[in-house]
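What follows is a set of notes on a single structure, which appears directly below.
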Amino acid sequence: MRLDVVTIFPEYLDPLRHALLGKAIEQGRLSVHVHDLRQWATGVHQAVDDSPYGGGPGMVMKPDVWGPALDDVAAITGPADTESAASAVAHSGQARHDENSGADVGSSYGEGDVDKRPLLIVPTPAGKPFTQEMAQRWSHEERIAFACGRYEGIDQRVVEDAENRYRVEEVSIGDYVLIGGEVAVLVIAEAVVRLIPGVLGNKRSHEEDSFSDGLLEGPSYTKPREWRGLEVPPVLLSGNHAKVDRWRRDQSLLRTAARRPELLDDVSLTKRDRKALDEGESPEG
C-alpha cells in the first residue's frame, strides 16, 4: 500500500514512520509519502488560504493550491514524485484481505470493471463517521491519499474536482473539532494499516478487536495472578477453552451494554447471550 499525505505541517506526520507503521515500511508492505502543500503555492509568502466568500471568521484553504497538489499526487508527478513509485506496489504479490476472506471489493464503474482511481480521504467534522468497517474495506487499497485541511477547511470545489481523479471520502473521527486533519490521518492510517495481511504477527489480534463482531472487546489480564489485592478471574486459569471463550463473549456483551448499548441493536444475539445480559454478569465468572 502507498500512503500520500498532503499537509502544511509535514513534521506532524513523522509518527507514520514509527512503531507498527514503521515495521510495515521495513517489511515492504507500506510506503509513506508526505508532501508539503506549500510546494504548490505561489508568491513570496506561499499563501495557502484566503478569506471566505460571504464573510465570516477564519480562513479557507485555496483551490488553486490544492488542485495542482492533488493532481500531482494522483499522477505521482512534480513535487509529489519524491520517491520511486515502485515502492507503492512492493506488496502487490501478497495475498489481500479480500482474497483471503472472499470479500467483494466492489466497483464503481459497473460489473466487470474496477475503478483504478486512488482513494482520497478528506478528514472533516462534516464527514461520515469513521468505523472499523471502513478500515477493513480500505485495507484492500493499493493507494490512499489524505488531504489535511486547516483553518475553516478546504474550498469545497477542491473536493468536487478531485472526484475526476480520485474516489473521494469525507470522513470524521468523532463529534468534535480539531485544529487540523493531521491527527485524524494518524488515527485512520493506523487503523487501516494494521489490517493489511502480515502487519500484525497474529491474525487473531485484529479478528478479536472491538467492533470486529459489532461488540466492544472485553477486559484482558496477564501475570501476576494477584496484584494489589485484585485477582485474575478464575475462569481464565481453568484451562477450559470453551468456558474461557464463553466468559469473554459474556464480558464483551456486558461491557457493550454498559458503555455502548446502541451497538447491541445490530448484533445477532443467542439465547445464551440474552441470558448473560439479563443476569448482568457472566455465569462463568
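Ordered as shown in the C-alpha cells, chains take letters A, B, and onward, while each chain numbers its residues from 1 and ligands are numbered from 1 in the order shown.
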Quick one: residues within 8 Å of range 144-151 of chain A, only C-alpha atoms, excluding same-chain residues fewer than 3 positions away - as a compact mmCIF listing (two decimals) with C-alpha atoms, in the first residue's frame?
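Result saved to around_9.txt:
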# COMPACT_ATOMS: atom_id res chain seq x y z
CA MET A 1 0.00 0.00 0.00
CA ARG A 2 1.14 3.54 -0.77
CA LEU A 3 0.04 6.41 1.51
CA ASP A 4 0.30 10.01 0.30
CA VAL A 5 -0.39 12.82 2.75
CA VAL A 6 -0.65 16.50 1.76
CA THR A 7 -0.26 18.92 4.65
CA ILE A 8 1.26 22.27 5.59
CA GLY A 58 -11.30 32.32 9.82
CA MET A 59 -9.66 31.48 6.54
CA VAL A 60 -10.36 28.91 3.82
CA MET A 61 -7.67 26.88 2.04
CA VAL A 73 -0.21 13.24 -6.11
CA PRO A 118 -6.74 6.08 -5.85
CA LEU A 119 -8.80 6.70 -2.73
CA LEU A 120 -8.70 10.26 -1.37
CA ILE A 121 -9.69 10.68 2.29
CA VAL A 122 -10.51 14.19 3.49
CA PRO A 123 -10.79 14.39 7.30
CA THR A 124 -13.52 16.87 8.29
CA GLU A 141 -6.48 -0.40 -1.26
CA ILE A 154 -10.63 23.37 2.18
CA ILE A 179 -7.04 22.20 14.75
CA GLY A 180 -6.27 20.31 11.56
CA GLY A 181 -6.61 17.00 9.76
CA GLU A 182 -3.20 15.59 10.63
CA VAL A 185 -4.83 10.99 9.41
Please identify all polymer residues within 12 Å of range 126-130 of chain A, counting only C-alpha atoms, omitting same-chain residues fewer than 4 positions from it, and present them as a PyMOL selection string.
chain A and resi 121-122+134-138+152-154+156+159+168-178+181+184-185+187-189+191-192
Near range 215-221 of chain A, counting only C-alpha atoms, which residues have an atom at most 10 Å away, once you skip same-chain residues fewer than 4 positions from it, shown as a ChimeraX atom specification?
/A:208-211,225,231-233,236,247-257,259-261,263-264,266-267
Show which residues sit within 9 Å of range 66-72 of chain A, as a compact mmCIF listing (two decimals) with N, CA, C and O atoms, in the first residue's frame. Count only C-alpha atoms, and ignore same-chain residues fewer than 3 positions away.
# COMPACT_ATOMS: atom_id res chain seq x y z
N VAL A 6 -0.94 15.10 2.10
CA VAL A 6 -0.65 16.50 1.76
C VAL A 6 -1.03 17.35 2.96
O VAL A 6 -2.16 17.29 3.46
N HIS A 35 3.79 15.20 1.73
CA HIS A 35 4.05 16.32 0.83
C HIS A 35 3.65 17.63 1.48
O HIS A 35 2.55 17.75 2.05
N LEU A 37 2.20 21.09 1.27
CA LEU A 37 1.28 21.79 0.37
C LEU A 37 1.90 23.07 -0.17
O LEU A 37 1.60 23.48 -1.31
N GLN A 39 4.62 23.60 -1.40
CA GLN A 39 5.38 23.39 -2.63
C GLN A 39 4.58 23.79 -3.86
O GLN A 39 5.15 24.07 -4.91
N TRP A 40 3.26 23.82 -3.73
CA TRP A 40 2.41 24.18 -4.86
C TRP A 40 1.88 25.60 -4.75
O TRP A 40 1.14 26.05 -5.62
N ALA A 41 2.26 26.32 -3.68
CA ALA A 41 1.82 27.70 -3.50
C ALA A 41 2.74 28.63 -4.28
O ALA A 41 3.92 28.34 -4.49
N VAL A 48 -1.54 29.72 1.39
CA VAL A 48 -2.39 28.57 1.06
C VAL A 48 -3.84 28.82 1.45
O VAL A 48 -4.68 27.94 1.28
N MET A 61 -8.82 27.29 2.84
CA MET A 61 -7.67 26.88 2.04
C MET A 61 -8.01 26.96 0.55
O MET A 61 -9.08 26.55 0.11
N LYS A 62 -7.07 27.49 -0.23
CA LYS A 62 -7.30 27.90 -1.60
C LYS A 62 -7.35 26.73 -2.60
O LYS A 62 -6.50 25.85 -2.56
N PRO A 63 -8.31 26.76 -3.52
CA PRO A 63 -8.40 25.70 -4.53
C PRO A 63 -7.26 25.71 -5.53
O PRO A 63 -6.86 24.65 -6.02
N ALA A 75 -1.05 11.58 -10.03
CA ALA A 75 -0.22 11.14 -11.16
C ALA A 75 1.20 10.75 -10.74
O ALA A 75 1.97 10.24 -11.56
N ILE A 76 1.54 10.99 -9.45
CA ILE A 76 2.91 10.80 -8.94
C ILE A 76 3.89 11.56 -9.83
O ILE A 76 4.86 11.03 -10.38
N THR A 77 3.63 12.87 -10.00
CA THR A 77 4.46 13.74 -10.82
C THR A 77 4.81 15.00 -10.05
O THR A 77 4.24 15.28 -8.99
N GLY A 78 5.72 15.79 -10.60
CA GLY A 78 6.09 17.06 -10.00
C GLY A 78 6.60 16.90 -8.58
O GLY A 78 7.29 15.93 -8.26
N PRO A 79 6.27 17.85 -7.70
CA PRO A 79 6.72 17.77 -6.30
C PRO A 79 6.28 16.51 -5.59
O PRO A 79 6.86 16.12 -4.58
N ALA A 80 5.21 15.85 -6.10
CA ALA A 80 4.74 14.63 -5.45
C ALA A 80 5.61 13.43 -5.76
O ALA A 80 5.56 12.42 -5.08
N ASP A 81 6.44 13.53 -6.80
CA ASP A 81 7.27 12.40 -7.21
C ASP A 81 8.57 12.40 -6.42
O ASP A 81 9.66 12.56 -6.96
N ALA A 145 -4.66 8.48 -0.52
CA ALA A 145 -4.14 9.83 -0.30
C ALA A 145 -5.00 10.52 0.75
O ALA A 145 -6.20 10.25 0.87
N ALA A 147 -5.90 14.43 2.42
CA ALA A 147 -5.81 15.89 2.31
C ALA A 147 -6.08 16.50 3.67
O ALA A 147 -7.20 16.42 4.18
N ILE A 154 -11.05 23.24 3.58
CA ILE A 154 -10.63 23.37 2.18
C ILE A 154 -11.82 23.81 1.34
O ILE A 154 -12.95 23.33 1.55
N ASP A 155 -11.58 24.69 0.39
CA ASP A 155 -12.62 25.12 -0.54
C ASP A 155 -13.32 23.88 -1.11
O ASP A 155 -12.68 22.96 -1.61
N VAL A 158 -12.53 21.95 -4.35
CA VAL A 158 -11.39 21.03 -4.42
C VAL A 158 -11.88 19.59 -4.32
O VAL A 158 -11.45 18.71 -5.07
N ASP A 161 -13.83 18.69 -7.54
CA ASP A 161 -12.95 18.50 -8.68
C ASP A 161 -12.11 17.22 -8.54
O ASP A 161 -11.82 16.54 -9.53
N ALA A 162 -11.73 16.89 -7.30
CA ALA A 162 -10.88 15.71 -7.06
C ALA A 162 -11.56 14.42 -7.49
O ALA A 162 -10.88 13.42 -7.77
N ARG A 165 -10.30 12.44 -10.43
CA ARG A 165 -9.07 11.65 -10.36
C ARG A 165 -9.04 10.66 -9.20
O ARG A 165 -8.19 9.77 -9.16
Strand (DSSP E or B) positions in range 30-265 of chain A, given as a CSV table (one decimal) with all heavy atoms, in the first residue's frame:
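out_38.csv written:
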chain,number,residue,atom,x,y,z
A,31,SER,N,4.4,2.1,1.9
A,31,SER,CA,5.3,3.2,1.6
A,31,SER,C,4.6,4.5,2.0
A,31,SER,O,3.4,4.6,1.7
A,31,SER,CB,5.8,3.3,0.1
A,31,SER,OG,4.7,3.5,-0.7
A,32,VAL,N,5.3,5.4,2.6
A,32,VAL,CA,4.6,6.6,3.1
A,32,VAL,C,5.3,7.8,2.4
A,32,VAL,O,6.5,7.9,2.4
A,32,VAL,CB,4.8,6.8,4.6
A,32,VAL,CG1,4.2,8.1,5.1
A,32,VAL,CG2,4.0,5.6,5.3
A,33,HIS,N,4.5,8.7,1.8
A,33,HIS,CA,5.0,9.9,1.1
A,33,HIS,C,4.2,11.1,1.6
A,33,HIS,O,3.0,11.3,1.4
A,33,HIS,CB,4.7,9.7,-0.4
A,33,HIS,CG,5.2,8.5,-0.9
A,33,HIS,ND1,6.4,8.4,-1.7
A,33,HIS,CD2,4.8,7.2,-0.8
A,33,HIS,CE1,6.6,7.1,-2.0
A,33,HIS,NE2,5.6,6.4,-1.5
A,34,VAL,N,4.9,12.0,2.4
A,34,VAL,CA,4.3,13.2,3.0
A,34,VAL,C,4.8,14.4,2.1
A,34,VAL,O,5.9,14.6,1.9
A,34,VAL,CB,4.8,13.3,4.4
A,34,VAL,CG1,4.1,14.6,5.0
A,34,VAL,CG2,4.3,12.1,5.2
A,35,HIS,N,3.8,15.2,1.7
A,35,HIS,CA,4.0,16.3,0.8
A,35,HIS,C,3.6,17.6,1.5
A,35,HIS,O,2.6,17.8,2.0
A,35,HIS,CB,3.3,16.1,-0.5
A,35,HIS,CG,3.4,14.8,-1.1
A,35,HIS,ND1,4.5,14.3,-1.7
A,35,HIS,CD2,2.5,13.7,-1.0
A,35,HIS,CE1,4.3,13.1,-2.1
A,35,HIS,NE2,3.1,12.7,-1.7
A,36,ASP,N,4.5,18.6,1.4
A,36,ASP,CA,4.3,20.0,1.9
A,36,ASP,C,3.4,20.7,0.9
A,36,ASP,O,3.8,21.0,-0.2
A,36,ASP,CB,5.6,20.7,2.1
A,36,ASP,CG,5.4,22.0,2.8
A,36,ASP,OD1,4.3,22.5,2.9
A,36,ASP,OD2,6.4,22.6,3.3
A,49,ASP,N,-4.2,30.0,2.0
A,49,ASP,CA,-5.5,30.3,2.4
A,49,ASP,C,-5.9,31.7,2.1
A,49,ASP,O,-5.0,32.6,1.8
A,49,ASP,CB,-5.6,30.1,3.9
A,49,ASP,CG,-4.6,30.9,4.7
A,49,ASP,OD1,-3.4,30.8,4.6
A,49,ASP,OD2,-5.1,31.8,5.5
A,50,ASP,N,-7.2,32.0,2.2
A,50,ASP,CA,-7.7,33.4,1.9
A,50,ASP,C,-9.0,33.5,2.7
A,50,ASP,O,-9.6,32.5,3.2
A,50,ASP,CB,-7.9,33.6,0.4
A,50,ASP,CG,-7.7,35.1,0.1
A,50,ASP,OD1,-8.0,35.9,1.0
A,50,ASP,OD2,-7.3,35.4,-1.1
A,60,VAL,N,-10.1,30.1,4.6
A,60,VAL,CA,-10.4,28.9,3.8
A,60,VAL,C,-9.2,28.6,2.9
A,60,VAL,O,-8.6,29.5,2.3
A,60,VAL,CB,-11.6,29.1,3.0
A,60,VAL,CG1,-11.9,27.8,2.1
A,60,VAL,CG2,-12.8,29.4,3.8
A,61,MET,N,-8.8,27.3,2.8
A,61,MET,CA,-7.7,26.9,2.0
A,61,MET,C,-8.0,27.0,0.6
A,61,MET,O,-9.1,26.6,0.1
A,61,MET,CB,-7.2,25.5,2.4
A,61,MET,CG,-6.9,25.3,3.9
A,61,MET,SD,-6.0,23.8,4.3
A,61,MET,CE,-4.3,24.3,4.0
A,119,LEU,N,-7.8,6.2,-3.7
A,119,LEU,CA,-8.8,6.7,-2.7
A,119,LEU,C,-8.2,8.0,-2.1
A,119,LEU,O,-7.1,8.0,-1.7
A,119,LEU,CB,-9.0,5.6,-1.6
A,119,LEU,CG,-9.9,6.0,-0.5
A,119,LEU,CD1,-11.3,6.3,-0.9
A,119,LEU,CD2,-9.8,5.0,0.6
A,120,LEU,N,-9.1,9.0,-2.0
A,120,LEU,CA,-8.7,10.3,-1.4
A,120,LEU,C,-9.6,10.4,-0.1
A,120,LEU,O,-10.8,10.5,-0.2
A,120,LEU,CB,-8.9,11.5,-2.3
A,120,LEU,CG,-8.7,12.8,-1.6
A,120,LEU,CD1,-7.2,13.0,-1.1
A,120,LEU,CD2,-9.1,14.0,-2.5
A,121,ILE,N,-9.0,10.5,1.0
A,121,ILE,CA,-9.7,10.7,2.3
A,121,ILE,C,-9.5,12.1,2.8
A,121,ILE,O,-8.3,12.6,2.9
A,121,ILE,CB,-9.2,9.7,3.4
A,121,ILE,CG1,-9.5,8.2,2.9
A,121,ILE,CG2,-9.9,10.0,4.7
A,121,ILE,CD1,-8.9,7.2,3.8
A,122,VAL,N,-10.6,12.8,3.0
A,122,VAL,CA,-10.5,14.2,3.5
A,122,VAL,C,-11.1,14.2,4.9
A,122,VAL,O,-12.3,14.1,5.1
A,122,VAL,CB,-11.3,15.1,2.6
A,122,VAL,CG1,-11.2,16.6,3.0
A,122,VAL,CG2,-10.9,15.0,1.1
A,123,PRO,N,-10.3,14.3,5.9
A,123,PRO,CA,-10.8,14.4,7.3
A,123,PRO,C,-11.5,15.7,7.5
A,123,PRO,O,-11.0,16.8,7.2
A,123,PRO,CB,-9.5,14.3,8.2
A,123,PRO,CG,-8.5,13.7,7.3
A,123,PRO,CD,-8.8,14.2,5.9
A,124,THR,N,-12.7,15.7,8.0
A,124,THR,CA,-13.5,16.9,8.3
A,124,THR,C,-14.6,16.5,9.3
A,124,THR,O,-15.2,15.4,9.3
A,124,THR,CB,-14.2,17.4,7.0
A,124,THR,OG1,-15.2,18.4,7.3
A,124,THR,CG2,-14.8,16.3,6.2
A,125,PRO,N,-14.9,17.5,10.2
A,125,PRO,CA,-16.0,17.2,11.2
A,125,PRO,C,-17.4,17.0,10.5
A,125,PRO,O,-18.3,16.4,11.1
A,125,PRO,CB,-16.0,18.5,12.0
A,125,PRO,CG,-14.7,19.1,11.9
A,125,PRO,CD,-14.2,18.7,10.5
A,126,ALA,N,-17.5,17.4,9.2
A,126,ALA,CA,-18.7,17.3,8.5
A,126,ALA,C,-18.8,16.0,7.7
A,126,ALA,O,-19.8,15.7,7.0
A,126,ALA,CB,-18.9,18.5,7.5
A,127,GLY,N,-17.8,15.1,7.9
A,127,GLY,CA,-17.8,13.9,7.1
A,127,GLY,C,-18.5,12.7,7.8
A,127,GLY,O,-19.1,12.8,8.9
A,128,LYS,N,-18.6,11.6,7.1
A,128,LYS,CA,-19.2,10.4,7.6
A,128,LYS,C,-18.3,9.9,8.8
A,128,LYS,O,-17.1,9.9,8.7
A,128,LYS,CB,-19.3,9.3,6.5
A,128,LYS,CG,-20.1,9.6,5.4
A,128,LYS,CD,-20.1,8.5,4.3
A,128,LYS,CE,-20.9,8.8,3.1
A,128,LYS,NZ,-20.9,7.7,2.1
A,129,PRO,N,-18.9,9.3,9.8
A,129,PRO,CA,-18.2,8.8,11.0
A,129,PRO,C,-17.3,7.6,10.5
A,129,PRO,O,-17.7,6.7,9.8
A,129,PRO,CB,-19.3,8.3,11.9
A,129,PRO,CG,-20.5,9.1,11.6
A,129,PRO,CD,-20.4,9.3,10.1
A,143,ARG,N,-3.5,2.3,-3.0
A,143,ARG,CA,-3.1,3.7,-2.9
A,143,ARG,C,-4.2,4.4,-2.1
A,143,ARG,O,-5.4,4.4,-2.5
A,143,ARG,CB,-2.9,4.4,-4.2
A,143,ARG,CG,-1.6,3.9,-5.0
A,143,ARG,CD,-1.4,4.8,-6.2
A,143,ARG,NE,-1.1,6.2,-5.7
A,143,ARG,CZ,-1.2,7.3,-6.5
A,143,ARG,NH1,-1.5,7.1,-7.8
A,143,ARG,NH2,-0.9,8.5,-6.0
A,144,ILE,N,-3.8,5.2,-1.1
A,144,ILE,CA,-4.6,6.1,-0.3
A,144,ILE,C,-4.0,7.4,-0.2
A,144,ILE,O,-2.8,7.5,0.2
A,144,ILE,CB,-5.0,5.5,1.0
A,144,ILE,CG1,-5.7,4.2,0.9
A,144,ILE,CG2,-5.9,6.5,1.8
A,144,ILE,CD1,-6.0,3.5,2.3
A,145,ALA,N,-4.7,8.5,-0.5
A,145,ALA,CA,-4.1,9.8,-0.3
A,145,ALA,C,-5.0,10.5,0.7
A,145,ALA,O,-6.2,10.3,0.9
A,145,ALA,CB,-4.2,10.6,-1.6
A,146,PHE,N,-4.4,11.4,1.5
A,146,PHE,CA,-5.1,12.2,2.6
A,146,PHE,C,-4.8,13.7,2.3
A,146,PHE,O,-3.7,14.1,2.0
A,146,PHE,CB,-4.5,11.8,3.9
A,146,PHE,CG,-4.8,10.5,4.4
A,146,PHE,CD1,-3.9,9.4,4.2
A,146,PHE,CD2,-6.0,10.1,5.1
A,146,PHE,CE1,-4.1,8.2,4.7
A,146,PHE,CE2,-6.2,8.9,5.6
A,146,PHE,CZ,-5.3,7.9,5.4
A,147,ALA,N,-5.9,14.4,2.4
A,147,ALA,CA,-5.8,15.9,2.3
A,147,ALA,C,-6.1,16.5,3.7
A,147,ALA,O,-7.2,16.4,4.2
A,147,ALA,CB,-6.8,16.4,1.3
A,150,ARG,N,-6.9,22.7,7.2
A,150,ARG,CA,-6.6,23.6,8.4
A,150,ARG,C,-7.6,24.8,8.3
A,150,ARG,O,-8.3,25.0,7.4
A,150,ARG,CB,-5.2,24.1,8.3
A,150,ARG,CG,-4.2,23.0,8.7
A,150,ARG,CD,-3.8,23.2,10.2
A,150,ARG,NE,-3.2,22.0,10.7
A,150,ARG,CZ,-2.7,21.9,12.0
A,150,ARG,NH1,-2.7,22.9,12.8
A,150,ARG,NH2,-2.2,20.7,12.4
A,154,ILE,N,-11.1,23.2,3.6
A,154,ILE,CA,-10.6,23.4,2.2
A,154,ILE,C,-11.8,23.8,1.3
A,154,ILE,O,-12.9,23.3,1.5
A,154,ILE,CB,-10.1,22.0,1.7
A,154,ILE,CG1,-8.9,21.5,2.6
A,154,ILE,CG2,-9.7,22.1,0.2
A,154,ILE,CD1,-8.5,20.1,2.3
A,167,ARG,N,-11.4,8.5,-5.9
A,167,ARG,CA,-12.7,8.1,-5.2
A,167,ARG,C,-12.6,8.8,-3.9
A,167,ARG,O,-11.7,8.5,-3.0
A,167,ARG,CB,-12.8,6.6,-5.0
A,167,ARG,CG,-13.0,5.8,-6.3
A,167,ARG,CD,-12.8,4.3,-6.1
A,167,ARG,NE,-11.4,4.0,-5.9
A,167,ARG,CZ,-10.9,3.4,-4.9
A,167,ARG,NH1,-11.7,2.9,-3.9
A,167,ARG,NH2,-9.6,3.1,-4.8
A,168,VAL,N,-13.4,9.8,-3.7
A,168,VAL,CA,-13.3,10.7,-2.5
A,168,VAL,C,-14.2,10.3,-1.4
A,168,VAL,O,-15.4,10.0,-1.6
A,168,VAL,CB,-13.6,12.2,-3.0
A,168,VAL,CG1,-13.5,13.1,-1.8
A,168,VAL,CG2,-12.7,12.6,-4.1
A,169,GLU,N,-13.7,10.3,-0.2
A,169,GLU,CA,-14.4,10.1,1.0
A,169,GLU,C,-14.1,11.2,2.1
A,169,GLU,O,-13.0,11.4,2.4
A,169,GLU,CB,-14.0,8.7,1.7
A,169,GLU,CG,-14.3,7.5,0.8
A,169,GLU,CD,-15.7,6.9,1.1
A,169,GLU,OE1,-16.4,7.5,1.8
A,169,GLU,OE2,-15.9,5.7,0.6
A,170,GLU,N,-15.2,11.9,2.5
A,170,GLU,CA,-15.0,12.9,3.6
A,170,GLU,C,-15.4,12.2,4.9
A,170,GLU,O,-16.5,11.6,5.0
A,170,GLU,CB,-15.9,14.1,3.3
A,170,GLU,CG,-15.5,14.9,2.1
A,170,GLU,CD,-16.4,16.1,1.9
A,170,GLU,OE1,-16.1,17.2,2.5
A,170,GLU,OE2,-17.4,16.0,1.1
A,171,VAL,N,-14.5,12.2,5.8
A,171,VAL,CA,-14.6,11.3,7.0
A,171,VAL,C,-14.3,12.1,8.3
A,171,VAL,O,-13.5,13.0,8.3
A,171,VAL,CB,-13.6,10.2,6.9
A,171,VAL,CG1,-13.7,9.3,8.1
A,171,VAL,CG2,-13.8,9.4,5.6
A,172,SER,N,-15.1,11.8,9.3
A,172,SER,CA,-14.9,12.4,10.7
A,172,SER,C,-14.5,11.3,11.6
A,172,SER,O,-15.1,10.2,11.6
A,172,SER,CB,-16.2,13.0,11.1
A,172,SER,OG,-16.1,13.3,12.5
A,180,GLY,N,-6.5,20.7,13.0
A,180,GLY,CA,-6.3,20.3,11.6
A,180,GLY,C,-6.5,18.8,11.4
A,180,GLY,O,-6.8,18.1,12.3
A,226,GLU,N,-2.2,-12.3,41.2
A,226,GLU,CA,-2.8,-11.4,42.2
A,226,GLU,C,-1.9,-10.2,42.2
A,226,GLU,O,-0.7,-10.2,42.2
A,226,GLU,CB,-2.8,-12.1,43.6
A,226,GLU,CG,-3.5,-11.3,44.6
A,226,GLU,CD,-2.6,-10.2,45.3
A,226,GLU,OE1,-1.4,-10.4,45.3
A,226,GLU,OE2,-3.1,-9.2,45.8
A,227,TRP,N,-2.6,-9.0,42.1
A,227,TRP,CA,-1.9,-7.7,42.1
A,227,TRP,C,-2.7,-6.7,42.9
A,227,TRP,O,-3.9,-6.5,42.6
A,227,TRP,CB,-1.7,-7.2,40.7
A,227,TRP,CG,-1.0,-5.9,40.6
A,227,TRP,CD1,0.3,-5.7,40.7
A,227,TRP,CD2,-1.6,-4.6,40.3
A,227,TRP,NE1,0.6,-4.3,40.6
A,227,TRP,CE2,-0.6,-3.7,40.3
A,227,TRP,CE3,-2.9,-4.2,40.0
A,227,TRP,CZ2,-0.8,-2.3,40.1
A,227,TRP,CZ3,-3.1,-2.9,39.8
A,227,TRP,CH2,-2.1,-2.0,39.8
A,230,LEU,N,-6.1,-7.6,43.9
A,230,LEU,CA,-7.0,-7.9,42.8
A,230,LEU,C,-6.6,-9.2,42.1
A,230,LEU,O,-5.5,-9.4,41.8
A,230,LEU,CB,-7.1,-6.8,41.8
A,230,LEU,CG,-7.5,-5.4,42.4
A,230,LEU,CD1,-7.3,-4.3,41.4
A,230,LEU,CD2,-8.9,-5.4,42.9
A,231,GLU,N,-7.6,-10.1,42.0
A,231,GLU,CA,-7.3,-11.4,41.4
A,231,GLU,C,-7.7,-11.5,40.0
A,231,GLU,O,-8.7,-10.9,39.5
A,231,GLU,CB,-8.1,-12.5,42.2
A,231,GLU,CG,-7.6,-12.7,43.7
A,231,GLU,CD,-6.4,-13.6,43.8
A,231,GLU,OE1,-6.0,-14.2,42.8
A,231,GLU,OE2,-5.9,-13.7,44.9
Check range 1-76 of chain A with DSSP on the backbone and list each residue it calls alpha helix (DSSP H), as a list in words.
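After running DSSP on the backbone, range 1-76 of chain A has alpha helix (DSSP H) at Ala19, Leu20, Leu21, Gly22, Lys23, Ala24, Ile25, Glu26, Pro63, Asp64, Val65, Trp66, Gly67, Pro68, Ala69, Leu70, Asp71, Asp72, Val73, Ala74 and Ala75 of chain A.
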Would you write out those residues with N, CA, C and O atoms, as a compact mmCIF listing (two decimals), in the first residue's frame?
# COMPACT_ATOMS: atom_id res chain seq x y z
N ALA A 19 6.94 2.75 14.96
CA ALA A 19 6.11 1.71 15.58
C ALA A 19 5.57 0.75 14.53
O ALA A 19 6.30 0.31 13.64
N LEU A 20 4.29 0.45 14.60
CA LEU A 20 3.68 -0.55 13.72
C LEU A 20 3.80 -0.17 12.26
O LEU A 20 4.13 -1.00 11.40
N LEU A 21 3.56 1.10 11.93
CA LEU A 21 3.65 1.54 10.54
C LEU A 21 5.08 1.50 10.04
O LEU A 21 5.35 1.15 8.88
N GLY A 22 6.02 1.84 10.93
CA GLY A 22 7.43 1.75 10.55
C GLY A 22 7.84 0.32 10.24
O GLY A 22 8.61 0.07 9.30
N LYS A 23 7.31 -0.62 11.01
CA LYS A 23 7.58 -2.04 10.76
C LYS A 23 7.02 -2.45 9.40
O LYS A 23 7.67 -3.19 8.65
N ALA A 24 5.82 -1.96 9.07
CA ALA A 24 5.22 -2.28 7.77
C ALA A 24 6.06 -1.73 6.62
O ALA A 24 6.18 -2.35 5.56
N ILE A 25 6.66 -0.55 6.83
CA ILE A 25 7.54 0.03 5.82
C ILE A 25 8.77 -0.84 5.63
O ILE A 25 9.19 -1.14 4.51
N GLU A 26 9.37 -1.27 6.75
CA GLU A 26 10.57 -2.12 6.68
C GLU A 26 10.27 -3.44 5.98
O GLU A 26 11.12 -3.98 5.26
N PRO A 63 -8.31 26.76 -3.52
CA PRO A 63 -8.40 25.70 -4.53
C PRO A 63 -7.26 25.71 -5.53
O PRO A 63 -6.86 24.65 -6.02
N ASP A 64 -6.70 26.90 -5.83
CA ASP A 64 -5.64 26.96 -6.83
C ASP A 64 -4.30 26.48 -6.29
O ASP A 64 -3.32 26.39 -7.04
N VAL A 65 -4.26 26.15 -5.00
CA VAL A 65 -3.08 25.48 -4.43
C VAL A 65 -3.35 23.99 -4.29
O VAL A 65 -2.57 23.13 -4.72
N TRP A 66 -4.52 23.65 -3.73
CA TRP A 66 -4.86 22.25 -3.52
C TRP A 66 -5.06 21.50 -4.82
O TRP A 66 -4.67 20.32 -4.93
N GLY A 67 -5.64 22.14 -5.82
CA GLY A 67 -5.91 21.45 -7.09
C GLY A 67 -4.65 20.87 -7.73
O GLY A 67 -4.58 19.66 -7.98
N PRO A 68 -3.63 21.70 -7.99
CA PRO A 68 -2.39 21.18 -8.57
C PRO A 68 -1.71 20.14 -7.68
O PRO A 68 -1.10 19.19 -8.18
N ALA A 69 -1.80 20.33 -6.35
CA ALA A 69 -1.17 19.37 -5.44
C ALA A 69 -1.79 17.99 -5.61
O ALA A 69 -1.09 16.98 -5.75
N LEU A 70 -3.12 17.94 -5.60
CA LEU A 70 -3.79 16.66 -5.73
C LEU A 70 -3.64 16.08 -7.14
O LEU A 70 -3.62 14.85 -7.30
N ASP A 71 -3.52 16.94 -8.14
CA ASP A 71 -3.23 16.46 -9.50
C ASP A 71 -1.92 15.69 -9.52
O ASP A 71 -1.82 14.58 -10.05
N ASP A 72 -0.88 16.30 -8.93
CA ASP A 72 0.45 15.68 -8.94
C ASP A 72 0.49 14.41 -8.09
O ASP A 72 1.15 13.43 -8.45
N VAL A 73 -0.20 14.43 -6.96
CA VAL A 73 -0.21 13.24 -6.11
C VAL A 73 -0.88 12.08 -6.83
O VAL A 73 -0.41 10.94 -6.79
N ALA A 74 -1.97 12.36 -7.52
CA ALA A 74 -2.68 11.31 -8.25
C ALA A 74 -1.80 10.71 -9.34
O ALA A 74 -1.78 9.49 -9.55
N ALA A 75 -1.05 11.58 -10.03
CA ALA A 75 -0.22 11.14 -11.16
C ALA A 75 1.20 10.75 -10.74
O ALA A 75 1.97 10.24 -11.56
Grab the CA of Pro10 in chain A to CA of Leu195 in chain A distance for me, in Å with one decimal place.
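Atom-to-atom, CA of Pro10 in chain A and CA of Leu195 in chain A are spaced 24.7 Å apart.
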